[in-house]
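Novice: What follows is my_file-v4.cif, mmCIF, C-alpha atoms (C1' of nucleotides).
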data_target
#
loop_
_atom_site.label_atom_id
_atom_site.label_comp_id
_atom_site.auth_asym_id
_atom_site.auth_seq_id
_atom_site.Cartn_x
_atom_site.Cartn_y
_atom_site.Cartn_z
CA MET E 1 42.21 -2.64 73.63
CA LEU E 2 40.52 0.74 73.75
CA SER E 3 38.13 1.92 71.06
CA LEU E 4 39.54 4.48 68.66
CA THR E 5 37.00 6.94 70.01
CA CYS E 6 38.44 6.50 73.46
CA ALA E 7 42.06 6.68 72.33
CA TYR E 8 41.35 9.93 70.47
CA GLY E 9 39.56 11.32 73.50
CA ILE E 10 42.53 10.63 75.73
CA GLN E 11 45.01 12.00 73.22
CA ALA E 12 43.04 15.22 72.92
CA SER E 13 42.68 15.54 76.68
CA LEU E 14 46.40 15.12 77.16
CA TYR E 15 46.96 17.75 74.51
CA LEU E 16 44.64 20.12 76.34
CA ALA E 17 46.29 19.40 79.67
CA ARG E 18 49.55 20.66 78.30
CA GLU E 19 48.14 23.51 76.25
CA VAL E 20 45.68 25.25 78.50
CA LYS E 21 46.95 26.96 81.57
CA THR E 22 43.75 28.45 82.89
CA SER E 23 40.66 28.81 80.76
CA THR E 24 42.49 29.08 77.51
CA PHE E 25 40.20 27.78 74.83
CA VAL E 26 41.78 25.75 72.08
CA PRO E 27 39.89 25.24 68.82
CA THR E 28 39.23 21.60 67.97
CA HIS E 29 40.61 21.83 64.45
CA ARG E 30 44.01 22.65 65.89
CA ILE E 31 43.99 19.61 68.17
CA ALA E 32 42.83 17.46 65.27
CA SER E 33 45.53 18.62 62.91
CA GLU E 34 48.27 18.44 65.54
CA LEU E 35 47.34 14.87 66.42
CA GLY E 36 46.41 13.75 62.93
CA VAL E 37 42.93 12.80 64.03
CA PRO E 38 39.78 13.29 61.90
CA TYR E 39 38.35 16.70 62.79
CA HIS E 40 34.62 16.00 62.62
CA PHE E 41 35.02 12.82 64.56
CA LEU E 42 37.07 14.47 67.28
CA LYS E 43 34.53 17.26 67.55
CA LYS E 44 31.86 14.73 68.54
CA ILE E 45 34.13 13.05 71.03
CA LEU E 46 34.97 16.33 72.72
CA GLN E 47 31.30 17.20 72.74
CA ARG E 48 30.64 14.05 74.73
CA LEU E 49 33.48 14.85 77.11
CA SER E 50 31.92 18.27 77.68
CA GLU E 51 28.55 16.68 78.44
CA HIS E 52 30.30 14.64 81.11
CA GLY E 53 32.06 17.57 82.71
CA ILE E 54 35.54 16.65 81.59
CA THR E 55 35.90 19.53 79.17
CA ARG E 56 34.11 22.80 78.65
CA SER E 57 33.53 24.64 75.39
CA VAL E 58 32.52 28.00 74.08
CA ARG E 59 31.47 28.78 70.54
CA SER E 60 32.75 31.95 69.12
CA THR E 61 35.49 33.40 67.02
CA LYS E 62 37.96 32.95 69.82
CA GLY E 63 36.16 29.94 71.18
CA GLY E 64 37.17 26.33 71.48
CA ILE E 65 37.56 23.81 74.19
CA THR E 66 39.31 23.61 77.54
CA LEU E 67 39.50 21.32 80.54
CA ALA E 68 36.59 21.76 82.91
CA LYS E 69 38.75 21.11 85.95
CA SER E 70 42.36 20.69 86.96
CA ALA E 71 44.32 18.14 84.95
CA ASP E 72 45.30 16.52 88.24
CA ASP E 73 41.66 15.74 88.90
CA ILE E 74 41.07 13.92 85.60
CA SER E 75 42.29 10.36 85.19
CA ILE E 76 42.53 8.26 82.06
CA TRP E 77 39.81 6.11 83.58
CA ASP E 78 37.53 9.15 83.91
CA ILE E 79 37.74 9.76 80.21
CA MET E 80 37.09 6.13 79.38
CA THR E 81 34.06 6.23 81.66
CA ALA E 82 32.74 9.38 80.02
CA LEU E 83 33.05 7.70 76.64
CA GLY E 84 31.43 4.49 77.83
CA ASP E 85 34.42 2.24 77.32
CA VAL E 86 34.88 0.61 80.71
CA SER E 87 32.48 -2.32 81.09
CA ARG E 88 35.10 -4.50 79.45
CA PHE E 89 37.39 -3.86 82.41
CA GLU E 90 34.76 -4.19 85.08
CA THR E 91 32.10 -6.81 84.64
CA GLU E 92 32.66 -8.44 81.29
CA CYS E 93 33.79 -12.05 81.00
CA LEU E 94 36.95 -12.52 78.95
CA LEU E 95 35.27 -15.30 76.98
CA LYS E 96 32.06 -13.28 76.65
CA LEU E 97 30.05 -15.84 78.55
CA PRO E 98 26.86 -14.03 79.48
CA GLU E 99 26.30 -15.60 82.87
CA CYS E 100 29.86 -15.93 84.10
CA ASP E 101 30.44 -14.60 87.61
CA ALA E 102 32.22 -15.45 90.86
CA ASN E 103 29.65 -18.11 91.69
CA HIS E 104 29.72 -19.70 88.25
CA PRO E 105 33.19 -18.86 87.01
CA CYS E 106 34.54 -19.75 83.60
CA VAL E 107 38.03 -21.16 83.19
CA MET E 108 39.58 -17.72 82.97
CA HIS E 109 37.49 -15.96 85.56
CA SER E 110 39.86 -15.60 88.49
CA SER E 111 42.96 -14.82 86.44
CA TRP E 112 41.02 -12.32 84.43
CA ALA E 113 39.56 -10.73 87.55
CA ILE E 114 43.06 -10.05 88.83
CA GLN E 115 44.17 -8.56 85.52
CA LYS E 116 41.10 -6.35 85.35
CA ARG E 117 41.73 -5.00 88.82
CA GLN E 118 45.33 -4.19 88.03
CA PHE E 119 44.48 -2.61 84.73
CA GLN E 120 41.77 -0.49 86.28
CA SER E 121 43.95 0.78 89.07
CA MET E 122 46.67 1.59 86.58
CA LEU E 123 44.25 3.66 84.50
CA LYS E 124 42.84 5.38 87.56
CA SER E 125 46.29 6.27 88.84
CA HIS E 126 47.30 8.20 85.73
CA SER E 127 46.06 11.77 85.66
CA LEU E 128 46.25 14.08 82.67
CA ASN E 129 49.12 15.78 84.45
CA ASP E 130 51.32 12.69 84.48
CA GLY E 131 54.28 12.61 82.18
CA THR E 132 53.49 15.90 80.54
CA GLU E 133 57.00 15.83 79.20
CA THR E 134 56.05 12.92 76.96
CA VAL E 135 53.06 14.78 75.54
CA GLY E 136 55.44 16.81 73.41
CA ASN E 137 56.69 13.49 72.14
CA MET E 138 53.21 12.41 71.25
CA ILE E 139 52.47 15.55 69.30
CA ALA E 140 55.77 15.54 67.45
CA LEU E 141 55.42 11.90 66.45
CA ALA E 142 51.79 12.24 65.47
CA LYS E 143 52.65 15.18 63.26
CA LYS E 144 55.59 13.39 61.72
CA HIS E 145 53.44 10.34 61.06
CA HIS E 146 50.56 12.01 59.29
CA GLN E 147 52.90 14.16 57.30
CA ALA E 148 54.51 10.96 56.03
CA GLU E 149 51.05 9.59 55.26
CA THR E 150 49.86 12.59 53.32
CA ALA E 151 53.13 12.58 51.39
CA VAL E 152 52.34 9.06 50.18
CA SER E 153 48.79 9.80 49.07
CA MET W 15 38.79 -7.10 75.07
CA LEU W 16 38.82 -10.07 72.74
CA SER W 17 36.92 -10.07 69.48
CA LEU W 18 33.77 -12.17 69.49
CA THR W 19 35.42 -14.40 66.92
CA CYS W 20 38.22 -15.10 69.34
CA ALA W 21 35.93 -15.63 72.33
CA TYR W 22 33.85 -18.13 70.35
CA GLY W 23 37.01 -19.88 69.20
CA ILE W 24 38.21 -20.32 72.75
CA GLN W 25 34.82 -21.45 74.00
CA ALA W 26 34.61 -24.08 71.30
CA SER W 27 38.15 -25.26 71.94
CA LEU W 28 37.44 -25.64 75.64
CA TYR W 29 34.34 -27.58 74.76
CA LEU W 30 36.35 -29.87 72.54
CA ALA W 31 39.04 -30.32 75.19
CA ARG W 32 36.46 -31.75 77.51
CA GLU W 33 34.50 -33.68 74.94
CA VAL W 34 37.08 -35.47 72.86
CA LYS W 35 39.21 -38.08 74.50
CA THR W 36 41.21 -39.28 71.54
CA SER W 37 40.21 -38.51 67.99
CA THR W 38 36.52 -38.30 68.70
CA PHE W 39 35.03 -35.99 66.14
CA VAL W 40 32.33 -33.66 67.32
CA PRO W 41 30.03 -32.01 64.76
CA THR W 42 30.11 -28.23 64.81
CA HIS W 43 26.36 -27.84 65.04
CA ARG W 44 26.42 -29.56 68.41
CA ILE W 45 29.10 -27.24 69.77
CA ALA W 46 27.18 -24.28 68.42
CA SER W 47 23.89 -25.27 69.98
CA GLU W 48 25.47 -26.23 73.31
CA LEU W 49 27.24 -22.90 73.56
CA GLY W 50 24.51 -20.79 71.99
CA VAL W 51 26.84 -19.54 69.30
CA PRO W 52 25.81 -18.92 65.67
CA TYR W 53 26.49 -22.13 63.76
CA HIS W 54 27.67 -20.79 60.41
CA PHE W 55 29.91 -18.29 62.11
CA LEU W 56 31.46 -20.89 64.36
CA LYS W 57 32.06 -23.17 61.39
CA LYS W 58 34.30 -20.53 59.82
CA ILE W 59 36.17 -19.95 63.03
CA LEU W 60 36.88 -23.64 63.48
CA GLN W 61 37.95 -23.81 59.87
CA ARG W 62 40.58 -21.19 60.61
CA LEU W 63 41.70 -23.07 63.70
CA SER W 64 42.12 -26.19 61.56
CA GLU W 65 44.22 -24.28 59.04
CA HIS W 66 46.49 -23.30 61.93
CA GLY W 67 46.87 -26.81 63.28
CA ILE W 68 44.86 -26.25 66.43
CA THR W 69 41.97 -28.47 65.37
CA ARG W 70 41.49 -31.14 62.78
CA SER W 71 38.31 -31.97 60.89
CA VAL W 72 36.82 -34.70 58.77
CA ARG W 73 33.74 -34.40 56.62
CA SER W 74 31.44 -37.31 56.69
CA THR W 75 28.31 -38.68 58.27
CA LYS W 76 30.17 -39.34 61.46
CA GLY W 77 32.56 -36.48 60.88
CA GLY W 78 33.17 -33.28 62.74
CA ILE W 79 36.03 -31.60 64.47
CA THR W 80 38.60 -32.55 67.08
CA LEU W 81 41.72 -31.14 68.67
CA ALA W 82 44.80 -31.65 66.51
CA LYS W 83 47.02 -32.18 69.54
CA SER W 84 46.84 -32.65 73.27
CA ALA W 85 44.80 -30.08 75.15
CA ASP W 86 47.84 -29.53 77.37
CA ASP W 87 49.77 -28.31 74.38
CA ILE W 88 47.25 -25.67 73.35
CA SER W 89 47.12 -22.39 75.24
CA ILE W 90 44.52 -19.65 75.11
CA TRP W 91 47.21 -17.50 73.56
CA ASP W 92 47.72 -20.06 70.78
CA ILE W 93 44.10 -19.75 69.79
CA MET W 94 44.21 -15.98 69.86
CA THR W 95 47.31 -16.10 67.67
CA ALA W 96 45.64 -18.45 65.19
CA LEU W 97 42.71 -16.06 64.96
CA GLY W 98 44.94 -13.01 64.62
CA ASP W 99 43.88 -11.30 67.80
CA VAL W 100 47.15 -10.68 69.61
CA SER W 101 48.79 -7.52 68.28
CA ARG W 102 46.85 -5.60 70.89
CA PHE W 103 48.84 -7.38 73.59
CA GLU W 104 52.18 -7.17 71.87
CA THR W 105 53.09 -4.08 69.93
CA GLU W 106 50.09 -1.80 69.98
CA CYS W 107 50.14 1.51 71.84
CA LEU W 108 47.31 1.90 74.33
CA LEU W 109 46.52 5.35 72.92
CA LYS W 110 46.91 4.08 69.34
CA LEU W 111 49.78 6.42 68.65
CA PRO W 112 51.36 5.04 65.50
CA GLU W 113 54.97 5.81 66.33
CA CYS W 114 55.01 5.19 70.04
CA ASP W 115 57.85 2.93 71.23
CA ALA W 116 60.43 2.62 73.98
CA ASN W 117 62.52 5.42 72.50
CA HIS W 118 59.59 7.76 72.02
CA PRO W 119 57.15 6.63 74.68
CA CYS W 120 53.71 8.08 75.21
CA VAL W 121 52.43 8.87 78.69
CA MET W 122 51.10 5.36 79.20
CA HIS W 123 53.88 3.45 77.54
CA SER W 124 55.75 1.93 80.46
CA SER W 125 52.68 1.12 82.56
CA TRP W 126 51.01 -0.41 79.56
CA ALA W 127 54.11 -2.41 78.67
CA ILE W 128 53.99 -4.04 82.09
CA GLN W 129 50.29 -4.83 81.75
CA LYS W 130 50.78 -6.30 78.30
CA ARG W 131 53.50 -8.59 79.58
CA GLN W 132 51.28 -9.80 82.40
CA PHE W 133 48.32 -10.33 80.10
CA GLN W 134 50.42 -12.31 77.71
CA SER W 135 51.96 -14.56 80.30
CA MET W 136 48.55 -15.14 81.86
CA LEU W 137 47.07 -16.13 78.51
CA LYS W 138 50.03 -18.31 77.66
CA SER W 139 49.93 -20.10 80.98
CA HIS W 140 46.35 -21.35 80.57
CA SER W 141 46.06 -24.51 78.52
CA LEU W 142 42.81 -26.00 77.29
CA ASN W 143 43.19 -28.55 80.03
CA ASP W 144 43.05 -26.00 82.83
CA GLY W 145 39.95 -25.89 84.94
CA THR W 146 38.09 -28.47 82.95
CA GLU W 147 35.71 -28.70 85.87
CA THR W 148 34.49 -25.18 85.05
CA VAL W 149 33.82 -26.08 81.44
CA GLY W 150 30.68 -27.90 82.52
CA ASN W 151 29.71 -24.65 84.17
CA MET W 152 30.23 -22.79 80.96
CA ILE W 153 28.09 -25.17 78.96
CA ALA W 154 25.29 -25.28 81.50
CA LEU W 155 25.13 -21.50 81.79
CA ALA W 156 25.37 -20.93 78.06
CA LYS W 157 22.51 -23.32 77.51
CA LYS W 158 20.42 -21.76 80.25
CA HIS W 159 21.08 -18.33 78.82
CA HIS W 160 20.09 -18.96 75.25
CA GLN W 161 17.08 -20.93 76.32
CA ALA W 162 15.96 -17.85 78.25
CA GLU W 163 16.63 -15.76 75.18
CA THR W 164 14.68 -17.90 72.76
CA ALA W 165 11.82 -17.99 75.27
CA VAL W 166 11.59 -14.21 75.05
CA SER W 167 11.62 -14.02 71.29
"C1'" DT L 23 24.74 45.33 62.75
"C1'" DT L 24 27.12 42.54 59.98
"C1'" DG L 25 30.72 39.18 59.18
"C1'" DT L 26 33.53 35.53 60.92
"C1'" DA L 27 35.11 31.60 63.31
"C1'" DA L 28 34.06 28.54 66.46
"C1'" DT L 29 30.79 24.57 68.58
"C1'" DG L 30 26.03 21.82 68.53
"C1'" DA L 31 23.44 18.50 66.44
"C1'" DG L 32 21.49 15.45 63.22
"C1'" DA L 33 21.83 13.03 58.80
"C1'" DT L 34 24.58 10.37 55.83
"C1'" DA L 35 28.63 7.56 54.12
"C1'" DT L 36 32.30 4.18 54.73
"C1'" DT L 37 34.67 0.41 56.83
"C1'" DT L 38 35.07 -3.41 59.79
"C1'" DT L 39 33.13 -7.08 62.27
"C1'" DA L 40 29.55 -10.30 62.82
"C1'" DG L 41 26.41 -13.42 60.89
"C1'" DT L 42 23.95 -16.04 56.95
"C1'" DC L 43 23.28 -18.67 52.70
"C1'" DC L 44 24.37 -21.73 49.07
"C1'" DC L 45 26.55 -25.19 46.83
"C1'" DA L 46 30.54 -28.26 46.18
"C1'" DT L 47 33.08 -32.09 48.28
"C1'" DA L 48 34.26 -35.85 51.33
"C1'" DT L 49 33.11 -40.13 53.81
"C1'" DA L 50 30.38 -43.59 56.11
"C1'" DA L 51 26.34 -46.48 55.94
"C1'" DT L 52 22.69 -48.73 53.54
"C1'" DA B 25 25.58 -46.75 43.60
"C1'" DT B 26 22.93 -43.84 46.34
"C1'" DT B 27 21.83 -41.31 50.26
"C1'" DA B 28 22.74 -38.91 54.45
"C1'" DT B 29 25.53 -35.93 57.11
"C1'" DA B 30 29.35 -33.63 57.84
"C1'" DT B 31 33.03 -29.74 56.42
"C1'" DG B 32 35.10 -26.23 52.72
"C1'" DG B 33 34.73 -22.04 50.75
"C1'" DG B 34 32.81 -18.14 48.37
"C1'" DA B 35 29.11 -14.72 48.04
"C1'" DC B 36 26.02 -12.16 50.43
"C1'" DT B 37 23.62 -9.45 54.33
"C1'" DA B 38 23.37 -7.00 58.89
"C1'" DA B 39 25.07 -4.36 62.52
"C1'" DA B 40 28.41 -1.62 64.80
"C1'" DA B 41 32.25 1.48 64.69
"C1'" DT B 42 34.40 5.07 62.33
"C1'" DA B 43 34.28 9.12 59.50
"C1'" DT B 44 32.09 12.98 56.87
"C1'" DC B 45 28.67 16.56 55.59
"C1'" DT B 46 25.36 20.20 56.32
"C1'" DC B 47 23.27 23.67 58.67
"C1'" DA B 48 21.96 26.10 62.87
"C1'" DT B 49 23.69 28.68 66.88
"C1'" DT B 50 26.81 31.35 69.63
"C1'" DA B 51 29.89 35.20 70.62
"C1'" DC B 52 33.50 38.18 69.45
"C1'" DA B 53 35.08 41.93 66.42
"C1'" DA B 54 35.16 45.21 62.81
#
Show me, as structure tokens, the structure contained in the file I just sent.

Specialist:
Amino acid sequence: MLSLTCAYGIQASLYLAREVKTSTFVPTHRIASELGVPYHFLKKILQRLSEHGITRSVRSTKGGITLAKSADDISIWDIMTALGDVSRFETECLLKLPECDANHPCVMHSSWAIQKRQFQSMLKSHSLNDGTETVGNMIALAKKHHQAETAVS
Amino acid sequence: MLSLTCAYGIQASLYLAREVKTSTFVPTHRIASELGVPYHFLKKILQRLSEHGITRSVRSTKGGITLAKSADDISIWDIMTALGDVSRFETECLLKLPECDANHPCVMHSSWAIQKRQFQSMLKSHSLNDGTETVGNMIALAKKHHQAETAVS
DNA sequence: TTGTAATGAGATATTTTAGTCCCATATAAT
DNA sequence: ATTATATGGGACTAAAATATCTCATTACAA
């Protein structure tokens, strides 16, 4: 549904939303290990989020990354947009027909248009401050999961 | 949203639904050229659909492929299932958290659960016989599009 | 000022998905 | 029988997404 890149970006942003109060910089390696996400990969993703004004970073001994604005002002959709993962939910035809539009609709066009609208508004309505109580959940389960994985290998 | 494989599979099935009345076999190369879809790739996809009882094929001079049952009895969802492209709309967590479920929900869990249900029922409710009038649209536009493309190259 | 721990950035590797090629096999027509 | 035209299926290639590696740069701290 979402690219892994995008899913990781959202996970990390939610982590930050809970962790940083005001301008507390969290090092990426900590986020990566807490969430069980590949460090180098996450670093690039957060870099892109910084370029788009979602996060802000400083490089130093006590450096790291933080949210560039209030968690209330960042939606899931914003992050997807920053990571270029939204055209699927805007313009794109479900059947990938290149010239499908309202004037020349494919079989699925109108149903799909409705679904896209709903999905979009759902993603726009969730800010990084929503359900912060479940973020603990996320971290705990992620940790548990990749501990189980590393135990196997 | 859907894999290309799946989108091609649905396109071809819709084409068949319009083309075959009863046991008329259509050669794959015709479907491919009408829809502007890579022939060899489509052949494999239709092969998989035949294995899953969606289509039926015969190899001969006048051979080709046809629907294995009435177009009314084949839904978009059926094709997605045959091509293994449904887990996204069933179990999978939007944020790709491996252990997310109703008991340990992530931030998006409940909203996403609702969306998934709606997606599913939408996809299940469309049979290959729906909106056959738009299938002509699809073919005309596909043709127009890949003619434009080949003109460029 | 020197060392350390972080990000920035570009190159490279791996995996998955998409797309192609080749040859065997089946069936209808001549 | 032989030929023509289709699918079946395995091997191969290409492109995109995912993941890793290396080194430079920044800023704090001893």

Novice: Per residue of chain B within 12 Å of chain E, record the nearest atom pair and its distance in Å to one decimal, counting all atoms listed in the file, with rows in chain order and ascending residue number, as a tab-separated table.

Specialist:
residue	atom	partner	partner_atom	distance
B:DA41	C1'	E:Ser3	CA	8.7
B:DT42	C1'	E:Phe41	CA	8.1
B:DA43	C1'	E:Phe41	CA	6.3
B:DT44	C1'	E:His40	CA	7.0
B:DC45	C1'	E:His40	CA	9.2
B:DT46	C1'	E:His40	CA	12.0
B:DT49	C1'	E:Arg59	CA	8.6
B:DT50	C1'	E:Arg59	CA	5.4
B:DA51	C1'	E:Ser60	CA	4.6
B:DC52	C1'	E:Thr61	CA	5.7
B:DA53	C1'	E:Thr61	CA	8.6

Novice: Could you work out which residues of chain W fall inside 8 Å of chain E? Count all atoms listed in the file, and format the result as a PyMOL selection string.

Specialist: chain W and resi 15-16+18+21-22+24-25+102+108-114+118-121+125+129+132-133+136+144-146+148-149+151-152+155-156+159

Novice: For the interface of chain L with chain W (cut-off 12 Å, counting only C-alpha atoms (C1' of nucleotides)), please tabulate each contacting residue of chain L alongside its nearest pair of atoms and their separation in Å to one decimal, rows sorted by chain and increasing number, as a Markdown table.

Specialist:
| residue | atom | partner | partner_atom | distance |
| --- | --- | --- | --- | --- |
| L:DT38 | C1' | W:Ser17 | CA | 11.9 |
| L:DT39 | C1' | W:Ser17 | CA | 8.7 |
| L:DA40 | C1' | W:Phe55 | CA | 8.0 |
| L:DG41 | C1' | W:Phe55 | CA | 6.1 |
| L:DT42 | C1' | W:His54 | CA | 7.0 |
| L:DC43 | C1' | W:His54 | CA | 9.1 |
| L:DC44 | C1' | W:His54 | CA | 11.8 |
| L:DT47 | C1' | W:Arg73 | CA | 8.7 |
| L:DA48 | C1' | W:Arg73 | CA | 5.5 |
| L:DT49 | C1' | W:Ser74 | CA | 4.4 |
| L:DA50 | C1' | W:Thr75 | CA | 5.7 |
| L:DA51 | C1' | W:Thr75 | CA | 8.4 |

Novice: Can you write out the residues you just picked, keeping C-alpha atoms (C1' of nucleotides), as a compact mmCIF listing (two decimals), in the frame of the given file?

Specialist:
# COMPACT_ATOMS: atom_id res chain seq x y z
C1' DT L 38 35.07 -3.41 59.79
C1' DT L 39 33.13 -7.08 62.27
C1' DA L 40 29.55 -10.30 62.82
C1' DG L 41 26.41 -13.42 60.89
C1' DT L 42 23.95 -16.04 56.95
C1' DC L 43 23.28 -18.67 52.70
C1' DC L 44 24.37 -21.73 49.07
C1' DT L 47 33.08 -32.09 48.28
C1' DA L 48 34.26 -35.85 51.33
C1' DT L 49 33.11 -40.13 53.81
C1' DA L 50 30.38 -43.59 56.11
C1' DA L 51 26.34 -46.48 55.94

Novice: For the reference chain E, what are the coordinates of chain W after least-squares fitting (all Cα, in-order pairing), as a compact mmCIF listing (two decimals) with C-alpha atoms, in the coordinates of the input?

Specialist:
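Printed below is part-v2.txt as written:
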# COMPACT_ATOMS: atom_id res chain seq x y z
CA MET W 15 42.10 -2.62 73.59
CA LEU W 16 40.47 0.78 73.70
CA SER W 17 38.07 1.93 71.03
CA LEU W 18 39.49 4.50 68.64
CA THR W 19 36.97 6.96 70.00
CA CYS W 20 38.41 6.52 73.45
CA ALA W 21 42.03 6.70 72.30
CA TYR W 22 41.33 9.94 70.45
CA GLY W 23 39.54 11.32 73.49
CA ILE W 24 42.51 10.64 75.71
CA GLN W 25 44.99 12.02 73.20
CA ALA W 26 43.03 15.23 72.91
CA SER W 27 42.66 15.55 76.67
CA LEU W 28 46.39 15.12 77.14
CA TYR W 29 46.95 17.75 74.51
CA LEU W 30 44.64 20.12 76.32
CA ALA W 31 46.29 19.40 79.67
CA ARG W 32 49.54 20.65 78.29
CA GLU W 33 48.15 23.48 76.24
CA VAL W 34 45.70 25.23 78.49
CA LYS W 35 46.98 26.92 81.58
CA THR W 36 43.79 28.43 82.90
CA SER W 37 40.69 28.76 80.78
CA THR W 38 42.53 29.06 77.51
CA PHE W 39 40.23 27.77 74.83
CA VAL W 40 41.80 25.75 72.08
CA PRO W 41 39.89 25.23 68.82
CA THR W 42 39.24 21.61 67.96
CA HIS W 43 40.62 21.86 64.45
CA ARG W 44 44.03 22.65 65.88
CA ILE W 45 43.99 19.62 68.17
CA ALA W 46 42.84 17.49 65.27
CA SER W 47 45.55 18.64 62.91
CA GLU W 48 48.29 18.44 65.55
CA LEU W 49 47.34 14.89 66.42
CA GLY W 50 46.41 13.77 62.92
CA VAL W 51 42.92 12.82 64.01
CA PRO W 52 39.78 13.32 61.88
CA TYR W 53 38.36 16.73 62.78
CA HIS W 54 34.63 16.07 62.60
CA PHE W 55 35.02 12.86 64.52
CA LEU W 56 37.06 14.49 67.24
CA LYS W 57 34.52 17.29 67.53
CA LYS W 58 31.85 14.76 68.51
CA ILE W 59 34.11 13.07 71.00
CA LEU W 60 34.95 16.34 72.70
CA GLN W 61 31.28 17.21 72.72
CA ARG W 62 30.63 14.05 74.71
CA LEU W 63 33.46 14.87 77.09
CA SER W 64 31.90 18.29 77.66
CA GLU W 65 28.53 16.72 78.42
CA HIS W 66 30.28 14.65 81.09
CA GLY W 67 32.04 17.59 82.70
CA ILE W 68 35.52 16.64 81.58
CA THR W 69 35.89 19.54 79.16
CA ARG W 70 34.12 22.81 78.66
CA SER W 71 33.57 24.65 75.39
CA VAL W 72 32.58 28.05 74.10
CA ARG W 73 31.55 28.85 70.56
CA SER W 74 32.89 32.02 69.18
CA THR W 75 35.64 33.50 67.07
CA LYS W 76 38.10 33.00 69.86
CA GLY W 77 36.26 29.99 71.19
CA GLY W 78 37.21 26.37 71.48
CA ILE W 79 37.57 23.82 74.19
CA THR W 80 39.31 23.61 77.54
CA LEU W 81 39.51 21.31 80.53
CA ALA W 82 36.58 21.77 82.90
CA LYS W 83 38.75 21.12 85.94
CA SER W 84 42.35 20.67 86.94
CA ALA W 85 44.31 18.13 84.94
CA ASP W 86 45.27 16.50 88.24
CA ASP W 87 41.64 15.73 88.88
CA ILE W 88 41.04 13.93 85.59
CA SER W 89 42.25 10.37 85.18
CA ILE W 90 42.50 8.27 82.05
CA TRP W 91 39.79 6.12 83.57
CA ASP W 92 37.50 9.15 83.90
CA ILE W 93 37.72 9.76 80.19
CA MET W 94 37.08 6.14 79.37
CA THR W 95 34.05 6.23 81.65
CA ALA W 96 32.72 9.38 80.00
CA LEU W 97 33.04 7.70 76.62
CA GLY W 98 31.45 4.48 77.83
CA ASP W 99 34.44 2.25 77.31
CA VAL W 100 34.93 0.62 80.69
CA SER W 101 32.59 -2.35 81.05
CA ARG W 102 35.30 -4.48 79.50
CA PHE W 103 37.47 -3.82 82.55
CA GLU W 104 34.73 -4.20 85.11
CA THR W 105 32.08 -6.82 84.63
CA GLU W 106 32.71 -8.46 81.30
CA CYS W 107 33.83 -12.08 81.04
CA LEU W 108 37.00 -12.55 79.02
CA LEU W 109 35.33 -15.34 77.02
CA LYS W 110 32.11 -13.31 76.70
CA LEU W 111 30.11 -15.89 78.57
CA PRO W 112 26.92 -14.08 79.50
CA GLU W 113 26.36 -15.68 82.88
CA CYS W 114 29.89 -16.02 84.12
CA ASP W 115 30.47 -14.68 87.65
CA ALA W 116 32.22 -15.54 90.89
CA ASN W 117 29.66 -18.21 91.71
CA HIS W 118 29.76 -19.79 88.27
CA PRO W 119 33.23 -18.93 87.04
CA CYS W 120 34.60 -19.81 83.64
CA VAL W 121 38.10 -21.20 83.24
CA MET W 122 39.64 -17.74 83.03
CA HIS W 123 37.53 -16.02 85.62
CA SER W 124 39.89 -15.64 88.55
CA SER W 125 43.00 -14.83 86.50
CA TRP W 126 41.04 -12.33 84.49
CA ALA W 127 39.55 -10.77 87.62
CA ILE W 128 43.05 -10.04 88.87
CA GLN W 129 44.10 -8.53 85.55
CA LYS W 130 41.00 -6.37 85.40
CA ARG W 131 41.70 -5.00 88.85
CA GLN W 132 45.26 -4.15 87.89
CA PHE W 133 44.20 -2.53 84.64
CA GLN W 134 41.65 -0.44 86.41
CA SER W 135 43.94 0.78 89.13
CA MET W 136 46.62 1.57 86.55
CA LEU W 137 44.18 3.61 84.49
CA LYS W 138 42.80 5.36 87.54
CA SER W 139 46.24 6.25 88.83
CA HIS W 140 47.26 8.19 85.71
CA SER W 141 46.02 11.76 85.65
CA LEU W 142 46.22 14.08 82.67
CA ASN W 143 49.09 15.75 84.43
CA ASP W 144 51.27 12.66 84.45
CA GLY W 145 54.23 12.59 82.15
CA THR W 146 53.46 15.88 80.51
CA GLU W 147 57.00 15.81 79.18
CA THR W 148 56.01 12.88 76.94
CA VAL W 149 53.04 14.76 75.53
CA GLY W 150 55.41 16.79 73.38
CA ASN W 151 56.67 13.47 72.13
CA MET W 152 53.19 12.40 71.24
CA ILE W 153 52.47 15.55 69.30
CA ALA W 154 55.77 15.54 67.44
CA LEU W 155 55.41 11.90 66.43
CA ALA W 156 51.77 12.24 65.46
CA LYS W 157 52.64 15.17 63.26
CA LYS W 158 55.59 13.38 61.70
CA HIS W 159 53.43 10.36 61.05
CA HIS W 160 50.56 12.02 59.29
CA GLN W 161 52.89 14.18 57.29
CA ALA W 162 54.50 10.97 56.03
CA GLU W 163 51.06 9.62 55.26
CA THR W 164 49.84 12.62 53.31
CA ALA W 165 53.13 12.60 51.39
CA VAL W 166 52.33 9.10 50.17
CA SER W 167 48.80 9.85 49.09

Novice: What is the atom CA of Ile54 of chain E-atom CA of Lys69 of chain E distance in Å, reported with one decimal?

Specialist: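 Spanning atom CA of Ile54 of chain E to atom CA of Lys69 of chain E is a straight-line distance of 7.0 Å.
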
Novice: For each of W:Ile128, W:Ile59, W:Arg32, W:Gly78, take the minimum atom-to-atom distance to Arg44 of chain W, counting only C-alpha atoms, then give the residue where this is smallest.

Specialist: W:Gly78

Novice: What do you get, as a ChimeraX atom specification, if you spell out every residue that the PyMOL selection byres ((chain W and resi 85) around 6) selects here?

Specialist: /W:31,84,86-88,142-143

Novice: Which distance in Å separates atom C1' of DT52 of chain L and atom C1' of DA25 of chain B, to one decimal?

Specialist: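 We find that atom C1' of DT52 of chain L and atom C1' of DA25 of chain B lie 10.5 Å from each other.
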